[in-house]
file data_6.txt (compact mmCIF, C-alpha atoms (C1' of nucleotides))
# COMPACT_ATOMS: atom_id res chain seq x y z
CA MET A 1 45.59 87.70 87.38
CA THR A 2 43.21 87.41 90.31
CA LEU A 3 42.42 90.24 92.67
CA GLU A 4 44.43 88.47 95.35
CA GLU A 5 47.51 88.19 93.20
CA THR A 6 47.25 91.84 92.21
CA LEU A 7 46.98 92.96 95.80
CA ASN A 8 49.88 90.74 96.83
CA GLU A 9 52.18 91.94 94.07
CA LEU A 10 51.36 95.56 94.78
CA LEU A 11 52.15 95.16 98.45
CA VAL A 12 55.38 93.30 97.79
CA ARG A 13 56.53 95.88 95.27
CA LEU A 14 55.61 98.87 97.41
CA PHE A 15 57.44 97.36 100.31
CA LYS A 16 60.61 96.79 98.35
CA ASP A 17 60.50 100.18 96.60
CA LEU A 18 59.90 102.05 99.79
CA LEU A 19 62.85 100.42 101.54
CA GLU A 20 65.09 101.26 98.62
CA ILE A 21 63.88 104.82 98.18
CA GLU A 22 64.06 105.63 101.85
CA SER A 23 67.58 104.39 102.11
CA LYS A 24 68.69 106.40 99.06
CA CYS A 25 66.96 109.58 100.22
CA LEU A 26 68.17 109.54 103.79
CA ILE A 27 71.85 109.10 103.06
CA THR A 28 72.66 112.45 101.46
CA GLU A 29 75.94 114.31 101.24
CA GLU A 30 75.54 115.81 104.71
CA PHE A 31 74.71 112.47 106.32
CA LYS A 32 76.74 110.10 104.20
CA ASP A 33 78.76 108.91 107.20
CA ILE A 34 75.79 107.11 108.74
CA SER A 35 73.65 104.20 107.59
CA ASN A 36 69.93 103.85 107.17
CA ASN A 37 69.93 101.85 110.37
CA ASP A 38 71.74 104.66 112.19
CA MET A 39 69.09 107.06 110.94
CA HIS A 40 66.36 104.95 112.49
CA ILE A 41 68.21 104.87 115.78
CA ILE A 42 68.34 108.66 115.65
CA GLU A 43 64.62 108.67 114.99
CA ALA A 44 64.08 106.36 117.98
CA ILE A 45 66.10 108.60 120.30
CA GLY A 46 63.98 111.56 119.31
CA ILE A 47 64.26 115.18 120.25
CA ASN A 48 62.51 115.21 123.62
CA GLU A 49 63.83 113.75 126.89
CA PRO A 50 67.01 111.66 126.65
CA LYS A 51 66.29 107.94 126.35
CA THR A 52 68.00 105.01 128.06
CA MET A 53 69.86 102.29 126.16
CA SER A 54 67.22 99.71 127.11
CA THR A 55 64.38 101.89 125.87
CA ILE A 56 66.05 102.55 122.54
CA ALA A 57 66.98 98.88 122.12
CA LYS A 58 63.35 97.92 122.69
CA LEU A 59 62.12 100.48 120.17
CA MET A 60 64.58 99.14 117.64
CA SER A 61 63.89 95.47 118.49
CA VAL A 62 67.57 94.64 119.04
CA THR A 63 69.59 93.52 122.07
CA THR A 64 71.33 96.15 124.18
CA GLY A 65 74.64 94.62 123.10
CA THR A 66 73.85 95.41 119.50
CA LEU A 67 72.74 98.90 120.39
CA THR A 68 75.90 99.61 122.40
CA LYS A 69 77.98 99.16 119.24
CA ALA A 70 75.71 101.36 117.16
CA ILE A 71 75.67 104.13 119.77
CA ASP A 72 79.46 103.91 120.07
CA ALA A 73 79.72 104.71 116.37
CA LEU A 74 77.11 107.49 116.46
CA ASN A 75 78.88 108.98 119.44
CA ASP A 76 82.25 108.90 117.67
CA LYS A 77 80.69 110.62 114.67
CA GLY A 78 79.16 113.32 116.82
CA TYR A 79 75.46 112.52 116.43
CA VAL A 80 74.64 111.51 120.01
CA ILE A 81 75.74 112.08 123.58
CA ARG A 82 75.90 109.44 126.29
CA LYS A 83 75.42 110.47 129.91
CA ARG A 84 75.44 108.35 133.03
CA TRP A 85 72.30 109.19 134.98
CA THR A 86 73.00 110.61 138.43
CA LYS A 87 69.83 109.18 139.97
CA ASP A 88 70.81 105.64 139.00
CA LYS A 89 74.39 105.19 137.90
CA ARG A 90 73.62 101.93 136.06
CA VAL A 91 71.55 103.84 133.56
CA VAL A 92 72.96 105.58 130.48
CA ARG A 93 70.83 108.28 128.89
CA VAL A 94 71.34 109.10 125.24
CA SER A 95 70.38 112.31 123.50
CA LEU A 96 70.95 113.93 120.10
CA THR A 97 73.61 116.57 119.50
CA GLU A 98 72.86 119.50 117.21
CA LYS A 99 74.13 117.40 114.31
CA GLY A 100 71.90 114.54 115.46
CA ARG A 101 68.90 116.84 115.54
CA ARG A 102 69.61 117.95 111.99
CA ALA A 103 69.62 114.30 110.92
CA TYR A 104 66.36 113.80 112.79
CA ALA A 105 64.75 116.71 110.96
CA HIS A 106 66.04 115.34 107.67
CA HIS A 107 64.36 112.01 108.31
CA GLU A 108 61.13 113.60 109.46
CA ARG A 109 61.05 115.72 106.32
CA PHE A 110 61.35 112.63 104.16
CA HIS A 111 58.30 111.11 105.79
CA ARG A 112 56.29 114.32 105.50
CA GLN A 113 57.17 114.54 101.83
CA MET A 114 56.18 110.94 101.21
CA ILE A 115 52.81 111.35 102.90
CA GLU A 116 52.20 114.52 100.94
CA HIS A 117 52.80 112.68 97.69
CA ILE A 118 50.47 109.87 98.67
CA LYS A 119 47.73 112.36 99.56
CA ASP A 120 48.27 114.38 96.39
CA GLY A 121 47.48 111.35 94.28
CA LEU A 122 44.23 110.47 96.03
CA ASN A 123 40.92 112.24 96.52
CA GLU A 124 39.32 112.60 99.92
CA GLN A 125 37.28 109.44 99.76
CA GLU A 126 40.22 107.40 98.56
CA THR A 127 42.39 108.73 101.35
CA THR A 128 39.73 107.78 103.89
CA VAL A 129 39.46 104.24 102.56
CA LEU A 130 43.22 103.87 102.48
CA ILE A 131 43.53 104.89 106.11
CA TYR A 132 40.64 102.63 107.06
CA ALA A 133 42.17 99.67 105.28
CA LEU A 134 45.60 100.26 106.76
CA ALA A 135 44.20 100.67 110.25
CA LYS A 136 42.31 97.41 109.90
CA LEU A 137 45.46 95.68 108.78
CA ALA A 138 47.47 97.13 111.65
CA ASP A 139 44.81 95.98 114.13
CA TYR A 140 44.77 92.56 112.61
CA PHE A 141 48.53 92.22 112.90
CA LYS A 142 48.37 93.36 116.47
CA SER A 143 45.60 90.99 117.50
CA ALA A 144 46.76 88.03 115.47
CA TYR A 145 50.33 88.21 116.46
CA LYS A 146 51.68 90.81 118.80
CA ASP A 147 49.11 90.45 121.60
CA LYS A 148 49.72 86.81 122.22
CA ASP A 149 53.23 86.45 123.52
CA GLY A 150 55.11 83.85 121.57
CA GLU A 151 51.87 82.36 120.28
CA SER A 152 50.60 83.58 116.96
CA ALA A 153 47.61 83.09 114.72
CA PHE A 154 50.03 83.23 111.80
CA ALA A 155 52.45 80.83 113.38
CA SER A 156 49.78 78.15 113.54
CA TRP A 157 48.18 78.43 110.16
CA PRO A 158 47.38 75.06 108.65
CA GLU A 159 50.21 73.34 106.86
CA LEU A 160 47.91 71.03 104.92
CA ASP A 161 46.23 73.51 102.54
CA GLU A 162 48.43 72.60 99.63
CA SER A 163 48.29 68.86 99.76
CA THR A 164 44.63 68.48 100.68
CA GLY A 165 43.27 71.16 98.39
CA MET B 1 46.61 114.18 115.35
CA THR B 2 46.41 115.31 111.75
CA LEU B 3 45.47 113.05 108.87
CA GLU B 4 49.07 113.18 107.72
CA GLU B 5 50.42 112.03 111.05
CA THR B 6 47.87 109.23 111.21
CA LEU B 7 48.79 107.99 107.77
CA ASN B 8 52.49 108.20 108.54
CA GLU B 9 52.24 106.33 111.82
CA LEU B 10 50.08 103.65 110.25
CA LEU B 11 52.57 103.10 107.46
CA VAL B 12 55.55 103.02 109.78
CA ARG B 13 53.86 100.58 112.15
CA LEU B 14 52.60 98.30 109.39
CA PHE B 15 56.01 98.22 107.85
CA LYS B 16 57.73 97.23 111.05
CA ASP B 17 55.06 94.71 112.09
CA LEU B 18 55.01 93.05 108.73
CA LEU B 19 58.77 92.58 108.66
CA GLU B 20 58.69 91.08 112.12
CA ILE B 21 55.68 88.85 111.56
CA GLU B 22 56.85 87.57 108.24
CA SER B 23 60.21 86.63 109.62
CA LYS B 24 58.66 84.80 112.57
CA CYS B 25 56.14 82.98 110.43
CA LEU B 26 58.50 81.83 107.73
CA ILE B 27 61.12 80.33 109.99
CA THR B 28 59.23 77.36 111.39
CA GLU B 29 60.53 74.08 112.74
CA GLU B 30 60.85 72.55 109.27
CA PHE B 31 62.72 75.54 107.85
CA LYS B 32 64.65 76.70 110.88
CA ASP B 33 68.00 76.17 109.15
CA ILE B 34 67.45 79.05 106.72
CA SER B 35 67.02 82.79 107.20
CA ASN B 36 64.29 85.14 106.11
CA ASN B 37 66.67 86.33 103.43
CA ASP B 38 67.20 82.77 102.20
CA MET B 39 63.44 82.39 101.99
CA HIS B 40 63.23 85.40 99.70
CA ILE B 41 65.97 83.99 97.50
CA ILE B 42 63.94 80.80 97.24
CA GLU B 43 60.93 82.91 96.28
CA ALA B 44 63.03 84.69 93.63
CA ILE B 45 64.22 81.40 92.12
CA GLY B 46 60.65 80.24 91.81
CA ILE B 47 59.23 76.93 90.66
CA ASN B 48 59.30 77.40 86.88
CA GLU B 49 62.39 77.43 84.66
CA PRO B 50 65.77 77.48 86.42
CA LYS B 51 67.15 81.01 86.82
CA THR B 52 70.69 82.27 86.30
CA MET B 53 72.77 83.78 89.09
CA SER B 54 72.62 87.22 87.46
CA THR B 55 68.85 87.12 87.15
CA ILE B 56 68.38 86.13 90.77
CA ALA B 57 70.89 88.73 91.96
CA LYS B 58 69.00 91.42 90.06
CA LEU B 59 65.66 90.32 91.53
CA MET B 60 67.20 90.45 95.00
CA SER B 61 69.05 93.74 94.36
CA VAL B 62 72.41 92.33 95.47
CA THR B 63 75.71 91.74 93.69
CA THR B 64 76.42 88.33 92.20
CA GLY B 65 79.23 87.96 94.73
CA THR B 66 76.76 88.23 97.57
CA LEU B 67 74.41 85.81 95.88
CA THR B 68 77.15 83.24 95.28
CA LYS B 69 77.65 82.92 99.04
CA ALA B 70 73.94 82.63 99.74
CA ILE B 71 73.45 80.00 97.04
CA ASP B 72 76.47 78.09 98.39
CA ALA B 73 74.72 77.82 101.74
CA LEU B 74 71.32 76.92 100.27
CA ASN B 75 73.00 74.30 98.13
CA ASP B 76 74.80 72.79 101.13
CA LYS B 77 71.51 72.63 103.00
CA GLY B 78 69.77 70.94 100.13
CA TYR B 79 67.34 73.65 99.04
CA VAL B 80 68.73 74.42 95.58
CA ILE B 81 70.67 72.82 92.73
CA ARG B 82 73.34 74.55 90.65
CA LYS B 83 73.86 73.44 87.07
CA ARG B 84 76.33 74.77 84.53
CA TRP B 85 74.35 75.49 81.35
CA THR B 86 75.49 73.42 78.37
CA LYS B 87 74.56 76.10 75.84
CA ASP B 88 76.83 78.66 77.51
CA LYS B 89 79.24 77.29 80.03
CA ARG B 90 79.70 80.63 81.74
CA VAL B 91 76.13 80.51 82.93
CA VAL B 92 74.98 78.76 86.10
CA ARG B 93 71.31 77.90 86.36
CA VAL B 94 69.77 77.46 89.77
CA SER B 95 66.60 75.57 90.57
CA LEU B 96 64.77 74.40 93.69
CA THR B 97 65.01 70.87 95.04
CA GLU B 98 61.93 69.16 96.45
CA LYS B 99 62.85 70.63 99.85
CA GLY B 100 63.25 74.05 98.21
CA ARG B 101 59.82 73.75 96.63
CA ARG B 102 58.30 72.96 100.00
CA ALA B 103 59.85 76.13 101.39
CA TYR B 104 58.52 78.05 98.39
CA ALA B 105 55.01 76.76 99.03
CA HIS B 106 55.36 77.67 102.69
CA HIS B 107 56.22 81.26 101.81
CA GLU B 108 53.48 81.52 99.22
CA ARG B 109 50.96 80.28 101.74
CA PHE B 110 51.94 83.02 104.16
CA HIS B 111 51.27 85.68 101.56
CA ARG B 112 47.94 84.14 100.54
CA GLN B 113 46.87 84.06 104.17
CA MET B 114 47.81 87.69 104.66
CA ILE B 115 45.93 88.84 101.58
CA GLU B 116 42.91 86.81 102.63
CA HIS B 117 42.87 88.59 105.97
CA ILE B 118 43.08 91.99 104.33
CA LYS B 119 40.23 91.16 101.98
CA ASP B 120 38.09 89.69 104.76
CA GLY B 121 38.08 93.03 106.50
CA LEU B 122 37.01 95.08 103.51
CA ASN B 123 33.93 95.14 101.29
CA GLU B 124 34.18 94.97 97.54
CA GLN B 125 34.25 98.70 96.95
CA GLU B 126 36.85 99.26 99.65
CA THR B 127 39.05 96.56 98.17
CA THR B 128 38.81 98.23 94.78
CA VAL B 129 39.77 101.61 96.21
CA LEU B 130 42.64 100.09 98.17
CA ILE B 131 44.07 98.47 95.05
CA TYR B 132 43.66 101.71 93.17
CA ALA B 133 45.41 103.70 95.87
CA LEU B 134 48.27 101.22 96.13
CA ALA B 135 48.69 101.09 92.36
CA LYS B 136 48.87 104.86 92.23
CA LEU B 137 51.47 104.86 94.95
CA ALA B 138 53.52 102.18 93.20
CA ASP B 139 53.40 104.16 89.96
CA TYR B 140 54.44 107.28 91.75
CA PHE B 141 57.41 105.57 93.32
CA LYS B 142 58.39 104.19 89.97
CA SER B 143 58.12 107.48 88.12
CA ALA B 144 59.55 109.64 90.86
CA TYR B 145 62.47 107.49 91.58
CA LYS B 146 63.15 104.27 89.75
CA ASP B 147 62.76 105.52 86.17
CA LYS B 148 65.37 108.20 86.34
CA ASP B 149 68.68 106.52 86.88
CA GLY B 150 70.50 108.07 89.79
CA GLU B 151 68.28 111.14 89.66
CA SER B 152 65.22 111.19 91.88
CA ALA B 153 62.36 113.48 92.71
CA PHE B 154 62.81 112.41 96.31
CA ALA B 155 66.56 112.86 96.25
CA SER B 156 66.16 116.51 95.35
CA TRP B 157 63.47 117.63 97.73
CA PRO B 158 64.11 121.04 99.20
CA GLU B 159 66.36 121.19 102.21
CA LEU B 160 65.14 124.60 103.28
CA ASP B 161 61.57 123.77 104.39
CA GLU B 162 62.48 123.72 108.03
CA SER B 163 64.44 126.90 108.34
CA THR B 164 62.36 129.06 106.01
CA GLY B 165 58.94 127.88 107.25
C1' DG C 1 75.56 92.88 154.80
C1' DA C 2 74.80 89.08 151.49
C1' DT C 3 72.16 87.86 147.52
C1' DT C 4 69.60 88.81 143.58
C1' DT C 5 68.25 91.70 140.00
C1' DT C 6 69.01 95.21 136.65
C1' DA C 7 71.53 98.24 133.03
C1' DA C 8 74.92 98.39 130.19
C1' DT C 9 79.22 96.76 128.01
C1' DT C 10 82.36 93.38 126.17
C1' DT C 11 83.46 89.27 123.69
C1' DG C 12 83.18 85.80 120.19
C1' DA C 13 80.85 84.08 116.46
C1' DC C 14 78.07 84.37 112.41
C1' DT C 15 75.44 86.40 108.30
C1' DA C 16 74.88 89.77 104.80
C1' DT C 17 76.90 92.87 102.18
C1' DC C 18 80.04 95.32 98.62
C1' DA C 19 83.96 96.36 95.60
C1' DA C 20 87.60 94.66 93.29
C1' DA C 21 90.46 90.99 91.56
C1' DC C 22 90.25 86.79 89.19
C1' DT C 23 88.78 82.61 86.04
C1' DT C 24 86.49 80.77 82.41
C1' DT C 25 83.88 81.19 78.40
C1' DT C 26 81.93 83.52 74.55
C1' DC C 27 81.73 87.11 71.06
C1' DG C 28 83.50 90.16 67.52
C1' DT C 29 86.66 91.26 64.19
C1' DC C 30 90.46 91.03 61.53
C1' DG D 1 91.31 80.68 63.60
C1' DA D 2 93.65 83.96 66.83
C1' DC D 3 93.41 87.85 69.74
C1' DG D 4 91.23 91.26 72.51
C1' DA D 5 86.99 92.71 74.70
C1' DA D 6 82.95 91.55 77.17
C1' DA D 7 80.18 88.65 80.15
C1' DA D 8 78.98 85.28 84.02
C1' DG D 9 80.36 83.60 88.16
C1' DT D 10 83.51 83.01 91.99
C1' DT D 11 86.87 84.44 95.33
C1' DT D 12 88.85 87.67 98.47
C1' DG D 13 89.15 91.19 101.90
C1' DA D 14 86.75 94.41 104.42
C1' DT D 15 82.75 96.29 106.97
C1' DA D 16 78.09 96.54 109.39
C1' DG D 17 74.68 94.38 112.02
C1' DT D 18 73.28 90.85 114.76
C1' DC D 19 72.85 87.57 118.94
C1' DA D 20 74.00 84.89 123.10
C1' DA D 21 76.74 84.61 126.87
C1' DA D 22 80.12 86.44 130.05
C1' DT D 23 81.28 90.50 132.64
C1' DT D 24 80.99 94.81 135.43
C1' DA D 25 78.82 97.97 138.27
C1' DA D 26 74.98 99.66 140.77
C1' DA D 27 70.59 99.15 143.07
C1' DA D 28 67.06 96.55 145.35
C1' DT D 29 65.68 92.97 148.42
C1' DC D 30 65.74 90.32 152.28

call {"tool": "encode", "arguments": {"input": "data_6.txt", "output": "structure tokens"}}
result
Amino acid sequence: MTLEETLNELLVRLFKDLLEIESKCLITEEFKDISNNDMHIIEAIGINEPKTMSTIAKLMSVTTGTLTKAIDALNDKGYVIRKRWTKDKRVVRVSLTEKGRRAYAHHERFHRQMIEHIKDGLNEQETTVLIYALAKLADYFKSAYKDKDGESAFASWPELDESTG
Amino acid sequence: MTLEETLNELLVRLFKDLLEIESKCLITEEFKDISNNDMHIIEAIGINEPKTMSTIAKLMSVTTGTLTKAIDALNDKGYVIRKRWTKDKRVVRVSLTEKGRRAYAHHERFHRQMIEHIKDGLNEQETTVLIYALAKLADYFKSAYKDKDGESAFASWPELDESTG
DNA sequence: GATTTTAATTTGACTATCAAACTTTTCGTC
DNA sequence: GACGAAAAGTTTGATAGTCAAATTAAAATC
């Protein structure tokens, strides 16, 4: 197996495992009435100032219509509170209830634990290289794709590789 | 920001970006009639021997019921072929059509491109360390979670951290 | 004050998903 | 070989998540 294949398979596997593990860890007995997706909405709302529907929808990369439904459910289950903003009555500001804040802490703890495990397995130099490599990758994604609006370096990669190689 | 926070934010961002970029890159003009999920099913089927429904479902971590629907759609759109196996008539073997193989190549190319970009940014030693770190992480996930059935190191992390710290 | 824009919700449609019931086929055993 | 258990897939019924488009209400603009 080439280096490239190894790297690819590792990334694919880590990605899949992480998704699966996160979802299993987050939905415990106490929070079994909400989904993984709900948990990420709770994370997006955060524990500071209340956030508007639009802001949360943007953070989650969904339409406000989609978010309205999700917040309805979280509201019914007692995780969030909706409040019309007095300064601009079009705006709805959402914040976490006590129960919502417990779920938030639960999620945060999962991430802390995961990072701790990653660091435990690596020495200082390895950790540094890992961070460096990840940062480079994140930058690349940003510059290649997210900066240009609608136009992407990835979106225009050559289609002829296969047949001309 | 601590090292831990940096690592966490990098991972979270990469995860989200990658999901988004992959989905945008895979669904091009030629393959606009199938979803990101369909593309991963096509990847799971592969270009070698036909695979059974059960095998594909396991690879995708979904029930066979779910897969039946997805394969129905891919079949209707001309990406896959279903064939009852003569040696055991219960078994259905699925393989890619020419169109399906083109989609497979398209997906594979995306991954190759991504890996190339990662490698371009790192020197040989850094690449080695990155692979080592990722392998360690993959092993950890496997041992901490996937090996024990139903029981997980993650699933039992202490709930008291917050209140006792 | 009329028009346009903005924030959120509602509606209608579609995909992905699961669990459970069902069909067909094979396997094991008597 | 017949009968019951097991296995592979499909069907069914229900739910969550999603979007685009229509709608409502409020604010901004002119």

call {"tool": "residues_around", "arguments": {"input": "data_6.txt", "residues": "Glu30 in chain A", "least_positions_apart": "4", "cutoff": "12 Å", "atoms": "all atoms listed in the file", "output": "list in words"}}
result
Cys25, Leu26, Ile34, Lys99, Gly100, Arg102, Ala103 and His106 of chain A; Glu159 of chain B

call {"tool": "write_last_selection", "arguments": {"input": "data_6.txt", "atoms": "C-alpha atoms", "output": "PDB file, in the coordinates of the input"}}
result
ATOM      1  CA  CYS A  25      66.960 109.580 100.220  1.00  0.00           C
ATOM      2  CA  LEU A  26      68.170 109.540 103.790  1.00  0.00           C
ATOM      3  CA  ILE A  34      75.790 107.110 108.740  1.00  0.00           C
ATOM      4  CA  LYS A  99      74.130 117.400 114.310  1.00  0.00           C
ATOM      5  CA  GLY A 100      71.900 114.540 115.460  1.00  0.00           C
ATOM      6  CA  ARG A 102      69.610 117.950 111.990  1.00  0.00           C
ATOM      7  CA  ALA A 103      69.620 114.300 110.920  1.00  0.00           C
ATOM      8  CA  HIS A 106      66.040 115.340 107.670  1.00  0.00           C
TER       9      HIS A 106
ATOM     10  CA  GLU B 159      66.360 121.190 102.210  1.00  0.00           C
TER      11      GLU B 159
END

call {"tool": "residues_around", "arguments": {"input": "data_6.txt", "residues": "Val129 in chain B", "least_positions_apart": "4", "cutoff": "9 Å", "atoms": "only C-alpha atoms (C1' of nucleotides)", "output": "compact mmCIF listing (two decimals) with C-alpha atoms, keeping the file's coordinate frame"}}
result
# COMPACT_ATOMS: atom_id res chain seq x y z
CA GLN A 125 37.28 109.44 99.76
CA GLU A 126 40.22 107.40 98.56
CA VAL A 129 39.46 104.24 102.56
CA LEU A 130 43.22 103.87 102.48
CA GLU B 124 34.18 94.97 97.54
CA GLN B 125 34.25 98.70 96.95
CA ALA B 133 45.41 103.70 95.87
CA LEU B 134 48.27 101.22 96.13

call {"tool": "calpha_fit_and_write", "arguments": {"input": "data_6.txt", "fixed": "chain A", "moving": "chain B", "output": "compact mmCIF listing (two decimals) with C-alpha atoms, keeping the file's coordinate frame"}}
result
# COMPACT_ATOMS: atom_id res chain seq x y z
CA MET B 1 45.46 88.05 87.38
CA THR B 2 43.16 87.70 90.36
CA LEU B 3 42.48 90.46 92.85
CA GLU B 4 44.52 88.54 95.39
CA GLU B 5 47.54 88.32 93.14
CA THR B 6 47.29 92.01 92.30
CA LEU B 7 47.16 92.99 95.94
CA ASN B 8 50.05 90.70 96.79
CA GLU B 9 52.28 91.95 94.01
CA LEU B 10 51.50 95.55 94.87
CA LEU B 11 52.41 95.02 98.50
CA VAL B 12 55.60 93.16 97.70
CA ARG B 13 56.72 95.79 95.20
CA LEU B 14 55.86 98.73 97.44
CA PHE B 15 57.72 97.14 100.28
CA LYS B 16 60.86 96.60 98.29
CA ASP B 17 60.75 100.01 96.57
CA LEU B 18 60.18 101.85 99.78
CA LEU B 19 63.12 100.20 101.51
CA GLU B 20 65.35 101.03 98.58
CA ILE B 21 64.15 104.59 98.11
CA GLU B 22 64.27 105.45 101.76
CA SER B 23 67.80 104.22 102.08
CA LYS B 24 68.93 106.19 99.03
CA CYS B 25 67.19 109.35 100.13
CA LEU B 26 68.36 109.37 103.71
CA ILE B 27 72.04 108.89 103.00
CA THR B 28 72.88 112.20 101.36
CA GLU B 29 76.18 114.03 101.15
CA GLU B 30 75.76 115.58 104.61
CA PHE B 31 74.88 112.27 106.26
CA LYS B 32 76.94 109.86 104.21
CA ASP B 33 78.91 108.70 107.25
CA ILE B 34 75.91 106.93 108.80
CA SER B 35 73.78 104.01 107.67
CA ASN B 36 70.06 103.69 107.16
CA ASN B 37 69.99 101.76 110.40
CA ASP B 38 71.78 104.58 112.22
CA MET B 39 69.18 106.97 110.86
CA HIS B 40 66.42 104.89 112.41
CA ILE B 41 68.22 104.86 115.74
CA ILE B 42 68.38 108.64 115.54
CA GLU B 43 64.64 108.66 114.83
CA ALA B 44 64.06 106.39 117.85
CA ILE B 45 66.07 108.66 120.16
CA GLY B 46 63.98 111.61 119.08
CA ILE B 47 64.26 115.27 119.96
CA ASN B 48 62.44 115.34 123.31
CA GLU B 49 63.71 113.92 126.61
CA PRO B 50 66.88 111.81 126.46
CA LYS B 51 66.13 108.08 126.20
CA THR B 52 67.79 105.18 128.00
CA MET B 53 69.66 102.43 126.18
CA SER B 54 66.99 99.88 127.10
CA THR B 55 64.19 102.05 125.79
CA ILE B 56 65.93 102.65 122.49
CA ALA B 57 66.84 98.98 122.13
CA LYS B 58 63.20 98.03 122.66
CA LEU B 59 62.01 100.56 120.07
CA MET B 60 64.54 99.16 117.60
CA SER B 61 63.82 95.51 118.51
CA VAL B 62 67.49 94.71 119.14
CA THR B 63 69.43 93.63 122.22
CA THR B 64 71.16 96.27 124.32
CA GLY B 65 74.47 94.71 123.30
CA THR B 66 73.75 95.46 119.67
CA LEU B 67 72.65 98.97 120.52
CA THR B 68 75.77 99.68 122.58
CA LYS B 69 77.91 99.18 119.47
CA ALA B 70 75.68 101.35 117.31
CA ILE B 71 75.60 104.15 119.88
CA ASP B 72 79.40 103.91 120.21
CA ALA B 73 79.71 104.65 116.51
CA LEU B 74 77.11 107.44 116.50
CA ASN B 75 78.84 108.97 119.49
CA ASP B 76 82.24 108.85 117.78
CA LYS B 77 80.75 110.53 114.73
CA GLY B 78 79.18 113.25 116.80
CA TYR B 79 75.49 112.47 116.36
CA VAL B 80 74.60 111.53 119.94
CA ILE B 81 75.65 112.18 123.54
CA ARG B 82 75.75 109.56 126.30
CA LYS B 83 75.20 110.67 129.87
CA ARG B 84 75.18 108.55 133.01
CA TRP B 85 72.00 109.45 134.92
CA THR B 86 72.68 110.94 138.35
CA LYS B 87 69.47 109.55 139.85
CA ASP B 88 70.43 105.98 138.97
CA LYS B 89 74.00 105.47 137.93
CA ARG B 90 73.25 102.23 136.13
CA VAL B 91 71.24 104.12 133.57
CA VAL B 92 72.71 105.78 130.48
CA ARG B 93 70.63 108.45 128.81
CA VAL B 94 71.22 109.21 125.17
CA SER B 95 70.29 112.40 123.36
CA LEU B 96 70.94 113.95 119.96
CA THR B 97 73.60 116.57 119.34
CA GLU B 98 72.91 119.48 117.00
CA LYS B 99 74.22 117.32 114.15
CA GLY B 100 71.96 114.48 115.31
CA ARG B 101 68.96 116.80 115.31
CA ARG B 102 69.73 117.84 111.76
CA ALA B 103 69.73 114.19 110.74
CA TYR B 104 66.44 113.72 112.59
CA ALA B 105 64.88 116.61 110.71
CA HIS B 106 66.20 115.19 107.45
CA HIS B 107 64.50 111.86 108.11
CA GLU B 108 61.27 113.48 109.23
CA ARG B 109 61.20 115.55 106.07
CA PHE B 110 61.45 112.43 103.95
CA HIS B 111 58.41 110.93 105.62
CA ARG B 112 56.40 114.15 105.33
CA GLN B 113 57.22 114.33 101.64
CA MET B 114 56.14 110.74 101.10
CA ILE B 115 52.84 111.22 102.90
CA GLU B 116 52.21 114.41 100.96
CA HIS B 117 52.64 112.52 97.71
CA ILE B 118 50.25 109.80 98.80
CA LYS B 119 47.63 112.35 99.80
CA ASP B 120 48.07 114.37 96.61
CA GLY B 121 46.99 111.38 94.59
CA LEU B 122 43.83 110.65 96.52
CA ASN B 123 40.62 112.57 97.19
CA GLU B 124 39.29 113.07 100.68
CA GLN B 125 37.07 110.02 100.72
CA GLU B 126 39.80 107.78 99.33
CA THR B 127 42.22 109.02 101.96
CA THR B 128 39.69 108.21 104.67
CA VAL B 129 39.16 104.70 103.33
CA LEU B 130 42.90 104.14 103.00
CA ILE B 131 43.48 105.11 106.63
CA TYR B 132 40.62 102.90 107.69
CA ALA B 133 41.96 99.94 105.74
CA LEU B 134 45.49 100.40 107.07
CA ALA B 135 44.25 100.78 110.63
CA LYS B 136 42.28 97.57 110.31
CA LEU B 137 45.32 95.80 108.98
CA ALA B 138 47.51 97.13 111.79
CA ASP B 139 44.96 95.98 114.36
CA TYR B 140 44.79 92.60 112.77
CA PHE B 141 48.53 92.19 112.86
CA LYS B 142 48.56 93.24 116.47
CA SER B 143 45.79 90.90 117.55
CA ALA B 144 46.82 87.98 115.41
CA TYR B 145 50.41 88.07 116.31
CA LYS B 146 51.86 90.61 118.68
CA ASP B 147 49.37 90.25 121.54
CA LYS B 148 49.88 86.59 122.13
CA ASP B 149 53.42 86.11 123.28
CA GLY B 150 55.13 83.45 121.24
CA GLU B 151 51.80 82.14 119.99
CA SER B 152 50.51 83.47 116.70
CA ALA B 153 47.56 83.02 114.42
CA PHE B 154 50.00 83.19 111.54
CA ALA B 155 52.44 80.78 113.13
CA SER B 156 49.79 78.10 113.26
CA TRP B 157 48.25 78.32 109.83
CA PRO B 158 47.49 74.96 108.32
CA GLU B 159 50.32 73.21 106.56
CA LEU B 160 48.04 70.91 104.62
CA ASP B 161 46.39 73.40 102.22
CA GLU B 162 48.63 72.47 99.36
CA SER B 163 48.45 68.72 99.47
CA THR B 164 44.78 68.37 100.38
CA GLY B 165 43.47 71.05 97.98

call {"tool": "residues_around", "arguments": {"input": "data_6.txt", "residues": "Leu59 in chain A", "least_positions_apart": "3", "cutoff": "12 Å", "atoms": "all atoms listed in the file", "output": "MDAnalysis selection string"}}
result
(chainID A and resid 40:46 51:56 62:64 67) or (chainID B and resid 13 16)

call {"tool": "atom_distance", "arguments": {"input": "data_6.txt", "atom1": "C1' of DA8 in chain D", "atom2": "CA of Lys24 in chain A"}}
result
27.9 Å

call {"tool": "closest_residue", "arguments": {"input": "data_6.txt", "among": "D:DA2, D:DT29, D:DT12, D:DA21", "to": "chain A", "atoms": "all atoms listed in the file"}}
result
D:DA21

call {"tool": "atom_distance", "arguments": {"input": "data_6.txt", "atom1": "CA of Asp17 in chain B", "atom2": "CA of Thr66 in chain B"}}
result
26.9 Å
